[in-house]
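Asks: Coordinates in run09.pdb, PDB, C-alpha atoms and all ligand atoms, are listed below.
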```pdb
ATOM      1  CA  MET A 136     -10.214 -22.831  23.196  1.00  0.00           C
ATOM      2  CA  ARG A 137     -11.630 -21.155  20.147  1.00  0.00           C
ATOM      3  CA  SER A 138     -13.921 -18.152  20.397  1.00  0.00           C
ATOM      4  CA  PRO A 139     -17.371 -18.271  18.733  1.00  0.00           C
ATOM      5  CA  ALA A 140     -15.982 -16.033  15.970  1.00  0.00           C
ATOM      6  CA  GLU A 141     -13.085 -18.448  15.419  1.00  0.00           C
ATOM      7  CA  ASN A 142     -15.427 -21.442  15.222  1.00  0.00           C
ATOM      8  CA  ARG A 143     -17.633 -19.643  12.747  1.00  0.00           C
ATOM      9  CA  LEU A 144     -14.684 -18.567  10.613  1.00  0.00           C
ATOM     10  CA  ALA A 145     -13.012 -22.000  10.730  1.00  0.00           C
ATOM     11  CA  TYR A 146     -16.235 -23.544   9.426  1.00  0.00           C
ATOM     12  CA  GLN A 147     -16.472 -20.958   6.642  1.00  0.00           C
ATOM     13  CA  VAL A 148     -12.848 -21.645   5.660  1.00  0.00           C
ATOM     14  CA  GLU A 149     -13.711 -25.318   5.173  1.00  0.00           C
ATOM     15  CA  LEU A 150     -16.666 -24.368   2.949  1.00  0.00           C
ATOM     16  CA  VAL A 151     -14.487 -22.022   0.887  1.00  0.00           C
ATOM     17  CA  ARG A 152     -11.764 -24.648   0.522  1.00  0.00           C
ATOM     18  CA  ALA A 153     -14.243 -27.355  -0.521  1.00  0.00           C
ATOM     19  CA  LYS A 154     -15.847 -25.074  -3.111  1.00  0.00           C
ATOM     20  CA  ARG A 155     -12.478 -23.987  -4.466  1.00  0.00           C
ATOM     21  CA  LEU A 156     -11.211 -27.560  -4.803  1.00  0.00           C
ATOM     22  CA  ALA A 157     -14.482 -28.636  -6.442  1.00  0.00           C
ATOM     23  CA  ALA A 158     -13.998 -25.821  -8.972  1.00  0.00           C
ATOM     24  CA  GLY A 159     -10.447 -27.008  -9.659  1.00  0.00           C
ATOM     25  CA  VAL A 160      -8.868 -23.745  -8.520  1.00  0.00           C
ATOM     26  CA  THR A 161      -5.334 -24.184  -7.219  1.00  0.00           C
ATOM     27  CA  LEU A 162      -3.422 -21.550  -5.280  1.00  0.00           C
ATOM     28  CA  ASP A 163      -0.374 -19.863  -6.726  1.00  0.00           C
ATOM     29  CA  GLU A 164       1.241 -16.438  -6.447  1.00  0.00           C
ATOM     30  CA  ASN A 165      -1.742 -14.923  -8.315  1.00  0.00           C
ATOM     31  CA  TRP A 166      -4.261 -16.084  -5.681  1.00  0.00           C
ATOM     32  CA  TRP A 167      -5.176 -12.503  -4.797  1.00  0.00           C
ATOM     33  CA  LYS A 168      -6.435 -11.667  -8.309  1.00  0.00           C
ATOM     34  CA  ARG A 169      -9.474 -13.930  -7.911  1.00  0.00           C
ATOM     35  CA  LEU A 170     -10.381 -12.361  -4.568  1.00  0.00           C
ATOM     36  CA  LYS A 171      -9.930  -8.799  -5.829  1.00  0.00           C
ATOM     37  CA  ALA A 172     -12.166  -9.607  -8.790  1.00  0.00           C
ATOM     38  CA  ARG A 173     -14.877 -10.793  -6.402  1.00  0.00           C
ATOM     39  CA  TRP A 174     -14.669  -7.831  -3.980  1.00  0.00           C
ATOM     40  CA  PRO A 175     -13.091  -5.075  -6.099  1.00  0.00           C
ATOM     41  CA  HIS A 176     -13.972  -2.229  -3.764  1.00  0.00           C
ATOM     42  CA  ARG A 177     -13.419  -3.877  -0.396  1.00  0.00           C
ATOM     43  CA  LEU A 178     -10.125  -5.453  -1.468  1.00  0.00           C
ATOM     44  CA  SER A 179      -8.614  -2.575  -3.417  1.00  0.00           C
ATOM     45  CA  CYS A 180      -5.684  -2.550  -0.965  1.00  0.00           C
ATOM     46  CA  GLU A 181      -2.245  -4.140  -0.878  1.00  0.00           C
ATOM     47  CA  MET A 182      -2.499  -7.894  -0.219  1.00  0.00           C
ATOM     48  CA  SER A 183       0.981  -9.100   0.610  1.00  0.00           C
ATOM     49  CA  CYS A 184       0.894 -12.533   2.131  1.00  0.00           C
ATOM     50  CA  GLY A 185       1.325 -16.059   0.859  1.00  0.00           C
ATOM     51  CA  PRO A 186      -1.267 -18.088  -1.095  1.00  0.00           C
ATOM     52  CA  GLY A 187      -1.850 -20.423   1.861  1.00  0.00           C
ATOM     53  CA  TRP A 188      -4.055 -17.816   3.519  1.00  0.00           C
ATOM     54  CA  SER A 189      -6.256 -17.260   0.462  1.00  0.00           C
ATOM     55  CA  ASP A 190      -9.125 -19.437   1.740  1.00  0.00           C
ATOM     56  CA  LEU A 191      -8.983 -17.684   5.102  1.00  0.00           C
ATOM     57  CA  ILE A 192      -9.195 -14.228   3.525  1.00  0.00           C
ATOM     58  CA  GLU A 193     -11.983 -15.355   1.194  1.00  0.00           C
ATOM     59  CA  ALA A 194     -13.916 -16.778   4.174  1.00  0.00           C
ATOM     60  CA  VAL A 195     -13.540 -13.506   6.103  1.00  0.00           C
ATOM     61  CA  ASN A 196     -15.008 -11.640   3.154  1.00  0.00           C
ATOM     62  CA  GLU A 197     -17.938 -14.042   2.815  1.00  0.00           C
ATOM     63  CA  LEU A 198     -18.723 -13.504   6.495  1.00  0.00           C
ATOM     64  CA  VAL A 199     -18.431  -9.727   6.089  1.00  0.00           C
ATOM     65  CA  ASP A 200     -21.009 -10.086   3.295  1.00  0.00           C
ATOM     66  CA  GLN A 201     -23.266 -11.988   5.709  1.00  0.00           C
ATOM     67  CA  GLU A 202     -22.971  -9.241   8.307  1.00  0.00           C
ATOM     68  CA  GLY A 203     -24.802  -6.914   5.971  1.00  0.00           C
ATOM     69  CA  VAL A 204     -23.230  -3.962   7.741  1.00  0.00           C
ATOM     70  CA  ASP A 205     -22.306  -0.683   6.137  1.00  0.00           C
ATOM     71  CA  PRO A 206     -19.564  -1.351   3.629  1.00  0.00           C
ATOM     72  CA  ILE A 207     -16.141  -1.734   5.136  1.00  0.00           C
ATOM     73  CA  THR A 208     -12.911  -1.494   3.197  1.00  0.00           C
ATOM     74  CA  PHE A 209      -9.657  -3.251   3.915  1.00  0.00           C
ATOM     75  CA  SER A 210      -6.706  -0.881   3.870  1.00  0.00           C
ATOM     76  CA  GLN A 211      -3.947  -3.476   4.147  1.00  0.00           C
ATOM     77  CA  ILE A 212      -3.711  -7.266   4.300  1.00  0.00           C
ATOM     78  CA  LYS A 213      -0.326  -8.667   5.186  1.00  0.00           C
ATOM     79  CA  GLU A 214       1.776 -10.994   7.276  1.00  0.00           C
ATOM     80  CA  LYS A 215       3.242  -9.688  10.521  1.00  0.00           C
ATOM     81  CA  TYR A 216       5.050 -11.725  13.202  1.00  0.00           C
ATOM     82  CA  GLY A 217       4.011 -14.832  11.294  1.00  0.00           C
ATOM     83  CA  SER A 218       0.280 -14.216  11.319  1.00  0.00           C
ATOM     84  CA  LEU A 219      -2.330 -12.583   9.135  1.00  0.00           C
ATOM     85  CA  ARG A 220      -3.197  -8.927   9.671  1.00  0.00           C
ATOM     86  CA  MET A 221      -6.262  -7.414   8.033  1.00  0.00           C
ATOM     87  CA  TYR A 222      -6.520  -3.672   8.628  1.00  0.00           C
ATOM     88  CA  TRP A 223      -9.816  -2.105   7.713  1.00  0.00           C
ATOM     89  CA  HIS A 224     -11.942   0.991   8.045  1.00  0.00           C
ATOM     90  CA  GLY A 225     -15.656   1.514   8.133  1.00  0.00           C
ATOM     91  CA  ILE A 226     -18.465   1.297  10.627  1.00  0.00           C
ATOM     92  CA  ASP A 227     -18.680  -1.613  13.069  1.00  0.00           C
ATOM     93  CA  PRO A 228     -21.007  -0.581  15.901  1.00  0.00           C
ATOM     94  CA  VAL A 229     -20.878  -3.801  17.911  1.00  0.00           C
ATOM     95  CA  GLY A 230     -17.375  -4.993  17.067  1.00  0.00           C
ATOM     96  CA  ARG A 231     -18.255  -7.931  14.835  1.00  0.00           C
ATOM     97  CA  ILE A 232     -15.679  -7.045  12.185  1.00  0.00           C
ATOM     98  CA  ASP A 233     -12.982  -6.724  14.850  1.00  0.00           C
ATOM     99  CA  ALA A 234     -13.968 -10.144  16.201  1.00  0.00           C
ATOM    100  CA  LEU A 235     -13.740 -11.630  12.715  1.00  0.00           C
ATOM    101  CA  VAL A 236     -10.374 -10.060  11.952  1.00  0.00           C
ATOM    102  CA  ASP A 237      -9.006 -11.199  15.326  1.00  0.00           C
ATOM    103  CA  ALA A 238     -10.277 -14.713  14.606  1.00  0.00           C
ATOM    104  CA  ALA A 239      -8.524 -14.686  11.207  1.00  0.00           C
ATOM    105  CA  GLU A 240      -5.281 -13.736  12.887  1.00  0.00           C
ATOM    106  CA  GLU A 241      -5.585 -16.552  15.441  1.00  0.00           C
ATOM    107  CA  ILE A 242      -6.474 -19.147  12.815  1.00  0.00           C
ATOM    108  CA  SER A 243      -3.611 -18.066  10.530  1.00  0.00           C
ATOM    109  CA  GLU A 244      -1.156 -19.191  13.208  1.00  0.00           C
ATOM    110  CA  GLY A 245      -2.224 -22.769  12.459  1.00  0.00           C
ATOM    111  CA  VAL A 246      -2.367 -22.471   8.644  1.00  0.00           C
ATOM    112  CA  CYS A 247       0.774 -22.612   6.492  1.00  0.00           C
ATOM    113  CA  GLU A 248       1.160 -19.271   4.707  1.00  0.00           C
ATOM    114  CA  THR A 249       2.607 -21.041   1.667  1.00  0.00           C
ATOM    115  CA  CYS A 250       0.252 -23.985   1.104  1.00  0.00           C
ATOM    116  CA  GLY A 251      -2.692 -23.731   3.532  1.00  0.00           C
ATOM    117  CA  ASN A 252      -1.995 -27.017   5.339  1.00  0.00           C
ATOM    118  CA  ALA A 253      -1.840 -27.293   9.117  1.00  0.00           C
ATOM    119  CA  SER A 254       1.161 -25.386  10.425  1.00  0.00           C
ATOM    120  CA  LYS A 255       3.125 -24.478  13.495  1.00  0.00           C
ATOM    121  CA  MET A 256       4.619 -21.137  14.392  1.00  0.00           C
ATOM    122  CA  ARG A 257       8.366 -21.160  13.833  1.00  0.00           C
ATOM    123  CA  GLN A 258      11.308 -18.880  14.223  1.00  0.00           C
ATOM    124  CA  SER A 259      14.456 -18.997  12.172  1.00  0.00           C
ATOM    125  CA  GLY A 260      17.802 -17.628  13.256  1.00  0.00           C
ATOM    126  CA  GLY A 261      17.218 -17.869  17.010  1.00  0.00           C
ATOM    127  CA  PRO A 262      15.649 -15.270  19.316  1.00  0.00           C
ATOM    128  CA  GLY A 263      14.654 -12.165  17.394  1.00  0.00           C
ATOM    129  CA  GLY A 264      14.655 -14.150  14.159  1.00  0.00           C
ATOM    130  CA  TYR A 265      11.979 -14.344  11.503  1.00  0.00           C
ATOM    131  CA  VAL A 266       8.666 -15.729  12.769  1.00  0.00           C
ATOM    132  CA  HIS A 267       6.558 -17.663  10.272  1.00  0.00           C
ATOM    133  CA  SER A 268       3.548 -19.961  10.172  1.00  0.00           C
ATOM    134  CA  ALA A 269       4.590 -23.025   8.191  1.00  0.00           C
ATOM    135  CA  CYS A 270       3.992 -26.737   7.748  1.00  0.00           C
ATOM    136  CA  ASP A 271       6.971 -29.115   7.949  1.00  0.00           C
ATOM    137  CA  ASP A 272       7.495 -28.842   4.170  1.00  0.00           C
ATOM    138  CA  HIS A 273       7.595 -25.041   4.109  1.00  0.00           C
ATOM    139  CA  ALA A 274       9.436 -24.320   7.349  1.00  0.00           C
ATOM    140  CA  ILE A 275      12.631 -22.373   6.837  1.00  0.00           C
ATOM    141  CA  PRO A 276      15.446 -24.906   7.312  1.00  0.00           C
ATOM    142  CA  GLY A 277      16.913 -24.711  10.788  1.00  0.00           C
ATOM    143  CA  SER A 278      13.927 -22.883  12.276  1.00  0.00           C
ATOM    144  CA  SER A 279      12.488 -23.976  15.600  1.00  0.00           C
ATOM    145  CA  ILE A 280       8.888 -24.310  16.736  1.00  0.00           C
ATOM    146  CA  ILE A 281       7.726 -21.542  19.040  1.00  0.00           C
ATOM    147  CA  ARG A 282       4.577 -20.564  20.855  1.00  0.00           C
ATOM    148  CA  VAL A 283       3.121 -17.152  20.166  1.00  0.00           C
ATOM    149  CA  LYS A 284       0.671 -15.374  22.404  1.00  0.00           C
ATOM    150  CA  THR A 285      -1.404 -12.577  20.955  1.00  0.00           C
ATOM    151  CA  GLU A 286      -3.614 -10.266  22.939  1.00  0.00           C
ATOM    152  CA  SER A 287      -6.071  -7.721  21.694  1.00  0.00           C
ATOM    153  CA  ILE A 288      -5.934  -4.548  23.723  1.00  0.00           C
ATOM    154  CA  ARG A 289      -8.649  -1.962  23.382  1.00  0.00           C
ATOM    155  CA  THR A 290      -7.948   1.579  24.464  1.00  0.00           C
ATOM    156  CA  PRO A 291      -9.900   4.833  24.106  1.00  0.00           C
ATOM    157  CA  ILE A 292      -7.692   5.802  21.173  1.00  0.00           C
ATOM    158  CA  GLY A 293      -7.846   2.515  19.315  1.00  0.00           C
ATOM    159  CA  ARG A 294      -7.152  -1.154  19.249  1.00  0.00           C
ATOM    160  CA  PHE A 295      -3.785  -2.849  19.398  1.00  0.00           C
ATOM    161  CA  ARG A 296      -2.553  -6.374  18.971  1.00  0.00           C
ATOM    162  CA  ALA A 297       0.322  -7.337  21.237  1.00  0.00           C
ATOM    163  CA  THR A 298       2.315 -10.381  20.150  1.00  0.00           C
ATOM    164  CA  THR A 299       4.770 -12.075  22.474  1.00  0.00           C
ATOM    165  CA  ILE A 300       6.875 -15.136  21.787  1.00  0.00           C
ATOM    166  CA  GLU A 301       6.806 -17.565  24.663  1.00  0.00           C
ATOM    167  CA  GLY A 302       9.941 -19.469  23.721  1.00  0.00           C
ATOM    168  CA  ASP A 303      10.767 -22.897  22.400  1.00  0.00           C
ATOM    169  CA  GLU A 304       8.486 -25.809  23.115  1.00  0.00           C
TER
HETATM  170 ZN    ZN B 401       3.048 -25.581   3.742  1.00  0.00          ZN
END
```
What's the structure tokens form of this structure?
Replies:
Amino acid sequence: MRSPAENRLAYQVELVRAKRLAAGVTLDENWWKRLKARWPHRLSCEMSCGPGWSDLIEAVNELVDQEGVDPITFSQIKEKYGSLRMYWHGIDPVGRIDALVDAAEEISEGVCETCGNASKMRQSGGPGGYVHSACDDHAIPGSSIIRVKTESIRTPIGRFRATTIEGDE
């Protein structure tokens, strides 16, 4: 079941996608330039993931705008264990940015990193192999579908995401 933050973000992603398609903007390897132009300060970091997650990242930033909190800055946006990671710093007194970033990570596991279509988590090369979120068209040949479980663990010294692979379906 999706969390309230995931529902809110999923809805925003659909708005972003509809607006982008209406404007005739297609996604290619330069997808990040448009987002950096829109949020030059907040997105002055490395953004190293595929174009399929562009709408998701744009939606996160629109919701950060809506929060109206003190400015936060992303320090790194990347793919890790097949899902989206958005590391940030700033002030988040009630954890709404954390909830949003966690929701983006969860949603990315069902969005193809290459094209943005519905995806499954896959692993190529057997156990220990490369984990990726891909649709049938963009799956690495020979990869198998896996289930990934991610937990957010909060400790006094910080917050960690623990990802475990639950094996083949
Ligand atoms: Zn795809």
Asks: Using all atoms listed in the file, what does the table of chain A residues within 6 Å of ligand ZN 401 (chain B) look like, with each row giving the shortest atom pair and its distance in Å to one decimal, sorted by chain and ascending number, as JSON lines?
Replies:
```
{"residue": "A:Cys247", "atom": "CA", "partner": "B:ZN401", "partner_atom": "ZN", "distance": 4.6}
{"residue": "A:Thr249", "atom": "CA", "partner": "B:ZN401", "partner_atom": "ZN", "distance": 5.0}
{"residue": "A:Cys250", "atom": "CA", "partner": "B:ZN401", "partner_atom": "ZN", "distance": 4.2}
{"residue": "A:Asn252", "atom": "CA", "partner": "B:ZN401", "partner_atom": "ZN", "distance": 5.5}
{"residue": "A:Ala269", "atom": "CA", "partner": "B:ZN401", "partner_atom": "ZN", "distance": 5.4}
{"residue": "A:Cys270", "atom": "CA", "partner": "B:ZN401", "partner_atom": "ZN", "distance": 4.3}
{"residue": "A:Asp272", "atom": "CA", "partner": "B:ZN401", "partner_atom": "ZN", "distance": 5.5}
{"residue": "A:His273", "atom": "CA", "partner": "B:ZN401", "partner_atom": "ZN", "distance": 4.6}
```
Asks: Could you pull the residues within 12 Å of Gln201 of chain A, counting all atoms listed in the file, minus those fewer than 6 positions along the same chain, as a ChimeraX atom specification?
Replies: /A:143-144,147,194-195,231-232,235
Asks: Save the residues we just selected, C-alpha atoms, as an mmCIF file, in the coordinates of the input?
Replies:
```cif
data_model
loop_
_atom_site.group_PDB
_atom_site.id
_atom_site.type_symbol
_atom_site.label_atom_id
_atom_site.label_comp_id
_atom_site.auth_asym_id
_atom_site.auth_seq_id
_atom_site.Cartn_x
_atom_site.Cartn_y
_atom_site.Cartn_z
ATOM 1 C CA ARG A 143 -17.633 -19.643 12.747
ATOM 2 C CA LEU A 144 -14.684 -18.567 10.613
ATOM 3 C CA GLN A 147 -16.472 -20.958 6.642
ATOM 4 C CA ALA A 194 -13.916 -16.778 4.174
ATOM 5 C CA VAL A 195 -13.540 -13.506 6.103
ATOM 6 C CA ARG A 231 -18.255 -7.931 14.835
ATOM 7 C CA ILE A 232 -15.679 -7.045 12.185
ATOM 8 C CA LEU A 235 -13.740 -11.630 12.715
#
```
Asks: When the PyMOL selection byres (((chain A and resi 220) around 9) and not hetatm) is applied to the structure above, which residues does it catch, written out as a JSON list (two decimals) with C-alpha atoms, keeping the file's coordinate frame?
Replies:
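Output file part_21.json is given in full below:
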```
[["chain", "number", "residue", "atom", "x", "y", "z"],
["A", 211, "GLN", "CA", -3.95, -3.48, 4.15],
["A", 212, "ILE", "CA", -3.71, -7.27, 4.30],
["A", 213, "LYS", "CA", -0.33, -8.67, 5.19],
["A", 214, "GLU", "CA", 1.78, -10.99, 7.28],
["A", 215, "LYS", "CA", 3.24, -9.69, 10.52],
["A", 218, "SER", "CA", 0.28, -14.22, 11.32],
["A", 219, "LEU", "CA", -2.33, -12.58, 9.14],
["A", 221, "MET", "CA", -6.26, -7.41, 8.03],
["A", 222, "TYR", "CA", -6.52, -3.67, 8.63],
["A", 236, "VAL", "CA", -10.37, -10.06, 11.95],
["A", 237, "ASP", "CA", -9.01, -11.20, 15.33],
["A", 239, "ALA", "CA", -8.52, -14.69, 11.21],
["A", 240, "GLU", "CA", -5.28, -13.74, 12.89]]
```
Asks: Just want the 12 Å neighbourhood of Gly251 of chain A, counted on all atoms listed in the file, with same-chain residues fewer than 2 positions away dropped. Output as a VMD selection string.
Replies: chain A and resid 148 to 149 152 161 to 163 184 to 192 242 to 249 253 to 255 268 to 273
Asks: Here is a test: counting all atoms listed in the file, which residue of A:Phe295, A:Tyr216, A:Trp223, A:Trp167 is nearest to Ser183 of chain A?
Replies: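 Nearest candidate to Ser183 of chain A out of A:Phe295, A:Tyr216, A:Trp223, A:Trp167: A:Trp167.
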Asks: Go ahead and compute the interatomic distance for atom CA of Ser287 of chain A and atom CA of Asp233 of chain A, in Å to one decimal.
Replies: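 Separating atom CA of Ser287 of chain A from atom CA of Asp233 of chain A is a distance of 9.8 Å.
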